[in-house]
Every structure is written in C-alpha cells, then in structure tokens.
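Structure below is final.pdb: PDB, C-alpha atoms.
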```
ATOM      1  CA  MET A   1      28.995   9.531  23.941
ATOM      2  CA  SER A   2      30.740  12.891  23.559
ATOM      3  CA  LYS A   3      31.152  12.770  19.801
ATOM      4  CA  ASP A   4      28.300  13.323  17.371
ATOM      5  CA  PRO A   5      27.125   9.860  16.205
ATOM      6  CA  TYR A   6      26.343  11.312  12.769
ATOM      7  CA  GLN A   7      29.941  12.478  12.448
ATOM      8  CA  ILE A   8      31.273   9.121  13.577
ATOM      9  CA  LEU A   9      29.258   7.289  10.915
ATOM     10  CA  LYS A  10      29.924  10.086   8.404
ATOM     11  CA  VAL A  11      26.271  10.644   7.505
ATOM     12  CA  HIS A  12      24.065  13.730   7.255
ATOM     13  CA  PRO A  13      21.828  14.449  10.291
ATOM     14  CA  ARG A  14      18.778  14.090   8.027
ATOM     15  CA  ALA A  15      19.934  10.749   6.617
ATOM     16  CA  LYS A  16      17.380   7.946   6.551
ATOM     17  CA  LEU A  17      17.959   4.804   8.600
ATOM     18  CA  GLU A  18      18.862   2.768   5.509
ATOM     19  CA  GLU A  19      21.578   5.295   4.613
ATOM     20  CA  ILE A  20      22.906   5.199   8.157
ATOM     21  CA  LYS A  21      22.903   1.429   8.113
ATOM     22  CA  LYS A  22      24.877   1.301   4.863
ATOM     23  CA  ALA A  23      27.424   3.708   6.298
ATOM     24  CA  TYR A  24      27.687   1.597   9.447
ATOM     25  CA  ILE A  25      28.241  -1.628   7.485
ATOM     26  CA  LYS A  26      30.892   0.071   5.368
ATOM     27  CA  LEU A  27      32.792   1.206   8.470
ATOM     28  CA  VAL A  28      32.455  -2.215  10.125
ATOM     29  CA  LYS A  29      34.167  -3.834   7.148
ATOM     30  CA  ILE A  30      37.053  -1.389   7.516
ATOM     31  CA  HIS A  31      37.486  -1.138  11.291
ATOM     32  CA  HIS A  32      36.366  -4.521  12.660
ATOM     33  CA  PRO A  33      39.217  -6.125  14.699
ATOM     34  CA  ASP A  34      38.868  -9.306  12.635
ATOM     35  CA  LYS A  35      39.820  -7.184   9.650
ATOM     36  CA  GLY A  36      42.811  -5.707  11.468
ATOM     37  CA  GLY A  37      40.948  -2.651  12.722
ATOM     38  CA  ASN A  38      41.101  -0.830  16.044
ATOM     39  CA  SER A  39      38.738  -2.184  18.718
ATOM     40  CA  ASP A  40      38.235   1.268  20.310
ATOM     41  CA  ILE A  41      37.152   2.753  16.991
ATOM     42  CA  MET A  42      34.860  -0.242  16.436
ATOM     43  CA  LEU A  43      33.201   0.309  19.828
ATOM     44  CA  GLU A  44      32.667   3.953  18.935
ATOM     45  CA  ILE A  45      31.103   2.986  15.605
ATOM     46  CA  ASN A  46      28.812   0.424  17.272
ATOM     47  CA  SER A  47      27.719   2.950  19.908
ATOM     48  CA  ALA A  48      26.928   5.552  17.251
ATOM     49  CA  TRP A  49      24.849   3.004  15.311
ATOM     50  CA  GLU A  50      22.928   1.957  18.434
ATOM     51  CA  ILE A  51      22.119   5.579  19.303
ATOM     52  CA  LEU A  52      20.876   6.482  15.824
ATOM     53  CA  LYS A  53      18.966   3.239  15.392
ATOM     54  CA  GLN A  54      17.167   3.836  18.703
ATOM     55  CA  GLN A  55      16.369   7.432  17.721
ATOM     56  CA  HIS A  56      14.723   6.252  14.507
ATOM     57  CA  LYS A  57      12.888   3.500  16.377
ATOM     58  CA  ASP A  58      11.535   5.986  18.917
ATOM     59  CA  LEU A  59      10.424   8.266  16.089
ATOM     60  CA  ASN A  60       8.554   5.413  14.392
ATOM     61  CA  LEU A  61       6.856   4.448  17.662
ATOM     62  CA  HIS A  62       5.730   8.057  18.039
ATOM     63  CA  LYS A  63       4.260   7.964  14.537
ATOM     64  CA  ILE A  64       2.528   4.675  15.277
ATOM     65  CA  SER A  65       1.076   6.128  18.485
ATOM     66  CA  ASN A  66      -0.283   9.151  16.632
ATOM     67  CA  SER A  67      -1.678   6.909  13.902
ATOM     68  CA  LYS A  68      -3.442   4.766  16.499
ATOM     69  CA  ILE A  69      -5.064   7.840  18.010
ATOM     70  CA  TYR A  70      -6.299   8.946  14.589
ATOM     71  CA  ASN A  71      -7.526   5.490  13.673
ATOM     72  CA  LYS A  72      -9.292   5.177  17.001
ATOM     73  CA  HIS A  73     -11.449   8.213  16.247
ATOM     74  CA  GLU A  74     -12.162   6.969  12.720
ATOM     75  CA  TYR A  75     -13.013   3.559  14.098
ATOM     76  CA  LYS A  76     -15.555   4.974  16.546
ATOM     77  CA  LYS A  77     -17.361   6.902  13.801
ATOM     78  CA  GLU A  78     -17.559   3.979  11.395
ATOM     79  CA  THR A  79     -18.391   1.102  13.756
ATOM     80  CA  ARG A  80     -21.059   2.478  16.095
ATOM     81  CA  LYS A  81     -23.574   0.058  14.589
ATOM     82  CA  TYR A  82     -21.591  -2.916  15.904
ATOM     83  CA  SER A  83     -21.749  -4.283  19.429
ATOM     84  CA  GLU A  84     -18.631  -4.545  21.546
ATOM     85  CA  SER A  85     -18.557  -8.294  20.979
ATOM     86  CA  GLU A  86     -18.656  -7.802  17.205
ATOM     87  CA  ASP A  87     -15.915  -5.183  17.461
ATOM     88  CA  ILE A  88     -13.662  -7.698  19.164
ATOM     89  CA  LYS A  89     -14.385 -10.398  16.586
ATOM     90  CA  ASN A  90     -13.684  -7.988  13.732
ATOM     91  CA  TRP A  91     -10.384  -6.902  15.275
ATOM     92  CA  PHE A  92      -9.245 -10.493  15.716
ATOM     93  CA  LYS A  93     -10.283 -11.370  12.194
ATOM     94  CA  ASN A  94      -8.776  -8.352  10.420
ATOM     95  CA  ILE A  95      -5.801  -7.516  12.634
ATOM     96  CA  TYR A  96      -4.704 -10.279  14.960
ATOM     97  CA  ILE A  97      -5.063 -13.313  12.683
ATOM     98  CA  PRO A  98      -3.127 -11.824   9.705
ATOM     99  CA  ILE A  99      -0.407 -10.577  12.077
ATOM    100  CA  ASP A 100      -0.143 -13.913  13.888
ATOM    101  CA  LYS A 101       0.244 -15.687  10.548
ATOM    102  CA  LEU A 102       3.098 -13.379   9.502
ATOM    103  CA  LEU A 103       4.780 -13.725  12.898
ATOM    104  CA  GLY A 104       4.692 -17.493  12.479
ATOM    105  CA  GLN A 105       6.343 -17.193   9.073
ATOM    106  CA  ILE A 106       9.238 -15.371  10.761
ATOM    107  CA  ILE A 107       9.527 -17.315  14.027
ATOM    108  CA  ASN A 108       8.936 -20.901  12.912
ATOM    109  CA  PRO A 109      11.691 -21.246  10.256
ATOM    110  CA  LEU A 110      14.425 -19.635  12.387
ATOM    111  CA  GLY A 111      15.635 -22.856  14.028
ATOM    112  CA  SER A 112      16.237 -24.633  10.735
ATOM    113  CA  LYS A 113      17.781 -21.498   9.180
ATOM    114  CA  ILE A 114      20.335 -21.248  11.992
ATOM    115  CA  ARG A 115      21.072 -24.983  11.851
ATOM    116  CA  ASP A 116      21.739 -24.717   8.124
ATOM    117  CA  LEU A 117      24.055 -21.751   8.634
ATOM    118  CA  SER A 118      25.902 -23.403  11.544
ATOM    119  CA  ALA A 119      27.198 -26.066   9.147
ATOM    120  CA  ASP A 120      29.619 -23.413   7.842
ATOM    121  CA  PRO A 121      28.879 -19.734   8.652
ATOM    122  CA  TYR A 122      31.585 -18.664   6.222
ATOM    123  CA  ASP A 123      30.017 -20.491   3.279
ATOM    124  CA  GLN A 124      28.697 -17.746   0.989
ATOM    125  CA  ILE A 125      25.742 -19.769  -0.288
ATOM    126  CA  LEU A 126      24.564 -20.587   3.242
ATOM    127  CA  MET A 127      25.078 -16.998   4.357
ATOM    128  CA  ASP A 128      23.195 -15.648   1.322
ATOM    129  CA  SER A 129      20.280 -17.962   2.135
ATOM    130  CA  PHE A 130      20.248 -16.788   5.760
ATOM    131  CA  CYS A 131      20.415 -13.133   4.718
ATOM    132  CA  SER A 132      17.525 -13.723   2.312
ATOM    133  CA  TYR A 133      15.457 -15.071   5.221
ATOM    134  CA  LEU A 134      16.306 -11.953   7.246
ATOM    135  CA  GLU A 135      15.350  -9.586   4.418
ATOM    136  CA  LYS A 136      12.033 -11.362   3.859
ATOM    137  CA  SER A 137      11.394 -11.232   7.607
ATOM    138  CA  LYS A 138      11.985  -7.470   7.653
ATOM    139  CA  ILE A 139       9.443  -7.046   4.842
ATOM    140  CA  LYS A 140       6.942  -9.087   6.848
ATOM    141  CA  ILE A 141       7.603  -6.898   9.911
ATOM    142  CA  THR A 142       6.845  -3.793   7.837
ATOM    143  CA  ASN A 143       3.576  -5.388   6.677
ATOM    144  CA  ILE A 144       2.682  -6.310  10.259
ATOM    145  CA  LYS A 145       3.114  -2.703  11.377
ATOM    146  CA  LYS A 146       0.849  -1.513   8.569
ATOM    147  CA  ILE A 147      -1.834  -3.997   9.580
ATOM    148  CA  TYR A 148      -1.483  -3.156  13.279
ATOM    149  CA  THR A 149      -2.008   0.563  12.721
ATOM    150  CA  SER A 150      -4.808   0.173  10.177
ATOM    151  CA  PHE A 151      -7.549  -0.506  12.716
ATOM    152  CA  ALA A 152      -7.642   0.496  16.394
ATOM    153  CA  SER A 153      -8.252  -2.246  18.920
ATOM    154  CA  PRO A 154     -11.411  -2.031  21.064
ATOM    155  CA  SER A 155     -10.508  -0.557  24.457
ATOM    156  CA  ILE A 156     -11.513  -3.714  26.280
ATOM    157  CA  ILE A 157      -8.699  -5.690  24.602
ATOM    158  CA  ARG A 158      -6.124  -2.900  24.758
ATOM    159  CA  ASP A 159      -3.754  -4.992  26.910
ATOM    160  CA  PHE A 160      -3.986  -7.891  24.460
ATOM    161  CA  SER A 161      -3.195  -5.501  21.610
ATOM    162  CA  LEU A 162      -0.175  -4.105  23.478
ATOM    163  CA  ASP A 163       1.083  -7.640  24.156
ATOM    164  CA  LEU A 164       0.838  -8.332  20.440
ATOM    165  CA  TYR A 165       2.991  -5.295  19.716
ATOM    166  CA  TYR A 166       5.404  -6.401  22.464
ATOM    167  CA  CYS A 167       5.740  -9.725  20.637
ATOM    168  CA  LEU A 168       6.381  -7.919  17.350
ATOM    169  CA  SER A 169       9.013  -5.683  18.976
ATOM    170  CA  HIS A 170      10.977  -8.698  20.176
ATOM    171  CA  VAL A 171      10.791 -10.284  16.740
ATOM    172  CA  GLU A 172      12.018  -7.079  15.129
ATOM    173  CA  ASP A 173      14.852  -6.634  17.630
ATOM    174  CA  GLY A 174      15.810 -10.289  17.226
ATOM    175  CA  ILE A 175      15.980 -10.038  13.443
ATOM    176  CA  ASN A 176      18.086  -6.879  13.765
ATOM    177  CA  GLU A 177      20.534  -8.648  16.087
ATOM    178  CA  LEU A 178      20.794 -11.597  13.705
ATOM    179  CA  GLU A 179      21.471  -9.184  10.869
ATOM    180  CA  ARG A 180      24.258  -7.593  12.904
ATOM    181  CA  TYR A 181      25.752 -11.062  13.326
ATOM    182  CA  THR A 182      26.025 -11.376   9.539
ATOM    183  CA  PHE A 183      28.112  -8.181   9.416
ATOM    184  CA  GLY A 184      30.989  -9.471  11.517
ATOM    185  CA  TYR A 185      30.210 -12.960  12.881
ATOM    186  CA  VAL A 186      30.063 -11.727  16.494
ATOM    187  CA  ASP A 187      28.463 -14.603  18.394
ATOM    188  CA  ASN A 188      26.852 -12.302  20.973
ATOM    189  CA  TYR A 189      24.555 -10.900  18.287
ATOM    190  CA  LEU A 190      23.557 -14.414  17.235
ATOM    191  CA  HIS A 191      22.865 -15.398  20.853
ATOM    192  CA  ASP A 192      20.875 -12.226  21.588
ATOM    193  CA  GLY A 193      18.876 -12.536  18.378
ATOM    194  CA  LYS A 194      17.891 -16.122  19.150
ATOM    195  CA  ALA A 195      16.966 -15.179  22.730
ATOM    196  CA  MET A 196      14.713 -12.320  21.595
ATOM    197  CA  ILE A 197      12.920 -14.533  19.078
ATOM    198  CA  ALA A 198      12.477 -17.176  21.803
ATOM    199  CA  ILE A 199      10.758 -14.609  24.045
ATOM    200  CA  ALA A 200       8.509 -13.600  21.135
ATOM    201  CA  LYS A 201       7.670 -17.263  20.491
ATOM    202  CA  LYS A 202       6.467 -17.732  24.092
ATOM    203  CA  LYS A 203       4.476 -14.502  23.983
ATOM    204  CA  ARG A 204       2.864 -15.558  20.686
ATOM    205  CA  LYS A 205       1.792 -18.859  22.258
ATOM    206  CA  LEU A 206       0.217 -17.042  25.218
ATOM    207  CA  LEU A 207      -1.620 -14.714  22.857
ATOM    208  CA  GLN A 208      -2.963 -17.675  20.897
ATOM    209  CA  ASN A 209      -4.319 -19.201  24.103
ATOM    210  CA  ASN A 210      -5.802 -15.912  25.340
ATOM    211  CA  LYS A 211      -7.471 -15.295  21.989
ATOM    212  CA  LYS A 212      -9.803 -18.244  22.563
ATOM    213  CA  GLU A 213     -11.109 -16.661  25.761
ATOM    214  CA  TRP A 214     -11.961 -13.380  24.020
ATOM    215  CA  LEU A 215     -13.708 -15.026  21.094
ATOM    216  CA  PHE A 216     -15.992 -16.966  23.428
ATOM    217  CA  LEU A 217     -17.313 -13.794  25.084
TER     218      LEU A 217
END
```

What does the file become when written as structure tokens?
Amino acid sequence: MSKDPYQILKVHPRAKLEEIKKAYIKLVKIHHPDKGGNSDIMLEINSAWEILKQQHKDLNLHKISNSKIYNKHEYKKETRKYSESEDIKNWFKNIYIPIDKLLGQIINPLGSKIRDLSADPYDQILMDSFCSYLEKSKIKITNIKKIYTSFASPSIIRDFSLDLYYCLSHVEDGINELERYTFGYVDNYLHDGKAMIAIAKKKRKLLQNNKKEWLFL
C-alpha cells in the first residue's frame, strides 16, 4: 500500500485501536458498495484497517512476550519450594482451567447465535443480540490474556502453553471476523470467522485430552 493507512482512515498516528476501529466503521458506512460507494475506495479502506489492526496486534504480542519473561523470573523466585510436578498442577489449576472455561463460554454458544441470526440478519433485534455476544466474547478474551500472562508456564509444558495461546488467537481472530461481518454483511467474514472458531474448537479438545496426561505425571 503506497498511501499512509492513517491518512486513509483519517486518524492520528498515535490513535488507539478503538479510535481506529470507529473511524473504519464510519468510513465503511459511507463507502461500502451496498451503500452506493466506490469499491476501489472500499478496498483501500479495508487494506488500511488490516494493516493497522495487525500492527497493534503485533505490538500487544510483543508486550505479552516481555511480560512472560518478567513473570518467568518472578515465578522462579517465588516457587522454588515446589517440585516440578507441583508447578505443573498449579499452572493447570490457576491458568489453564480458568482460561479453558472462558474459551468454552465463547466457542460453545456460537452455533446457536449464528442460527438465530440467520433467521433474518437484517432484523435489528437479532443483530443486537449477536453483537452483544461478540462484545461479551471480546471482554472474555481480554480476561484470558490477563490470566495467561499472570503466571509463567513451567518450561516442561511450554509447548502446551503455546498451543493454548494458539487456540486463543484463533478465537480472537474469529470473533474479529464475525464483527466485521456485522459492519457490512459480507459473507466471507462470516465464513472465515466460523472457520477460525472451528479450528480453535478442535485445538481446545486436543488440549483437554493432553491435560490428562500431564496431570497424571
């Protein structure tokens, strides 16, 4: 993209993601082809949003990585009295189980939420209910990230911990795609969102099965 994405979305370079998102939604309502807008301008707006959203996502991942490093050192100082087996049990109890519960609260209702909306996507009451589910899911995702970074995983289950974050990432991306669908009823976003959540659902099931092996060590 040759043009500055901040200029395209008409936001300040230091704008927060929520501000950028509001600006994006505002422009979508004006320039979407379904509203009589120009498709080339709409593609430019979508590209700018994708670039800035990814930049903010990368920045957050960097912060999470730094936080994990810090927490890892704190963890080592405070838990030397525990054995490795106890460390694993504590991590599953305090990190994995609360996160898995929240992931279930996002993943499990999605099928029924989409079925309800499919009755009439243009019905405002149904759409409001679906948007409420998405907003609550985003709050849960924020809480999951806080839990995940609050306590470093023992090194022996590092791969399990990374798989858990991989599952979360797909849930987050799926919810974001579903939210984009609500902006302009573009079916591709609905399809992609459902597909990402489906991948997360399978990964969650694998994690649940693998958890049993670790807890029996």

- Query: Within 10 Å of Asn143 of chain A, counting only C-alpha atoms, which residues qualify if same-chain residues fewer than 6 places away don't, as a list of chain:residue names?
  - Reply: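 Once the adjacent positions are removed, what remains is A:Pro98, A:Ile99, A:Leu102, A:Ser137.
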
- Query: When you draw a straight line from atom CA of Ala200 of chain A to atom CA of Val171 of chain A, how long is it in Å?
  - Reply: 6.0 Å

Residues of segment 140-198 of chain A that approach segment 48-54 of chain A to 12 Å or less, counting only C-alpha atoms: could you list each one with the shortest pair of atoms and its distance in Å to one decimal, rows by chain and increasing residue number, as a Markdown table?
```
| residue | atom | partner | partner_atom | distance |
| --- | --- | --- | --- | --- |
| A:Asp173 | CA | A:Gln54 | CA | 10.8 |
| A:Asn176 | CA | A:Lys53 | CA | 10.3 |
| A:Glu177 | CA | A:Glu50 | CA | 11.1 |
| A:Arg180 | CA | A:Trp49 | CA | 10.9 |
```

- Item | Nearest residue to Leu164 of chain A from the set A:Asp128, A:Tyr96, A:Leu178, A:Ile106 (distances using only C-alpha atoms) | A:Tyr96

- Task: Find, counting all atoms listed in the file, the residue in A:Gln55, A:Ser169, A:Asn209, A:Asn94 that gets nearest to Ala152 of chain A.
- Result: A:Asn94

- Task: Could you tell me how far atom CA of Ile175 of chain A lies from atom CA of Ser161 of chain A, in Å and to one decimal?
- Result: 21.3 Å

- Ground truth for the PyMOL selection byres ((chain A and resi 131) around 12), written as a VMD selection string: chain A and resid 110 113 to 114 117 121 124 to 130 132 to 138 175 to 176 178 to 183

- Task: Using all atoms listed in the file, find the one residue out of A:Lys10, A:Phe160, A:Lys3, A:Tyr24 that sits nearest to Ile88 of chain A.
- Result: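 Distance minimum relative to Ile88 of chain A lands on A:Phe160.
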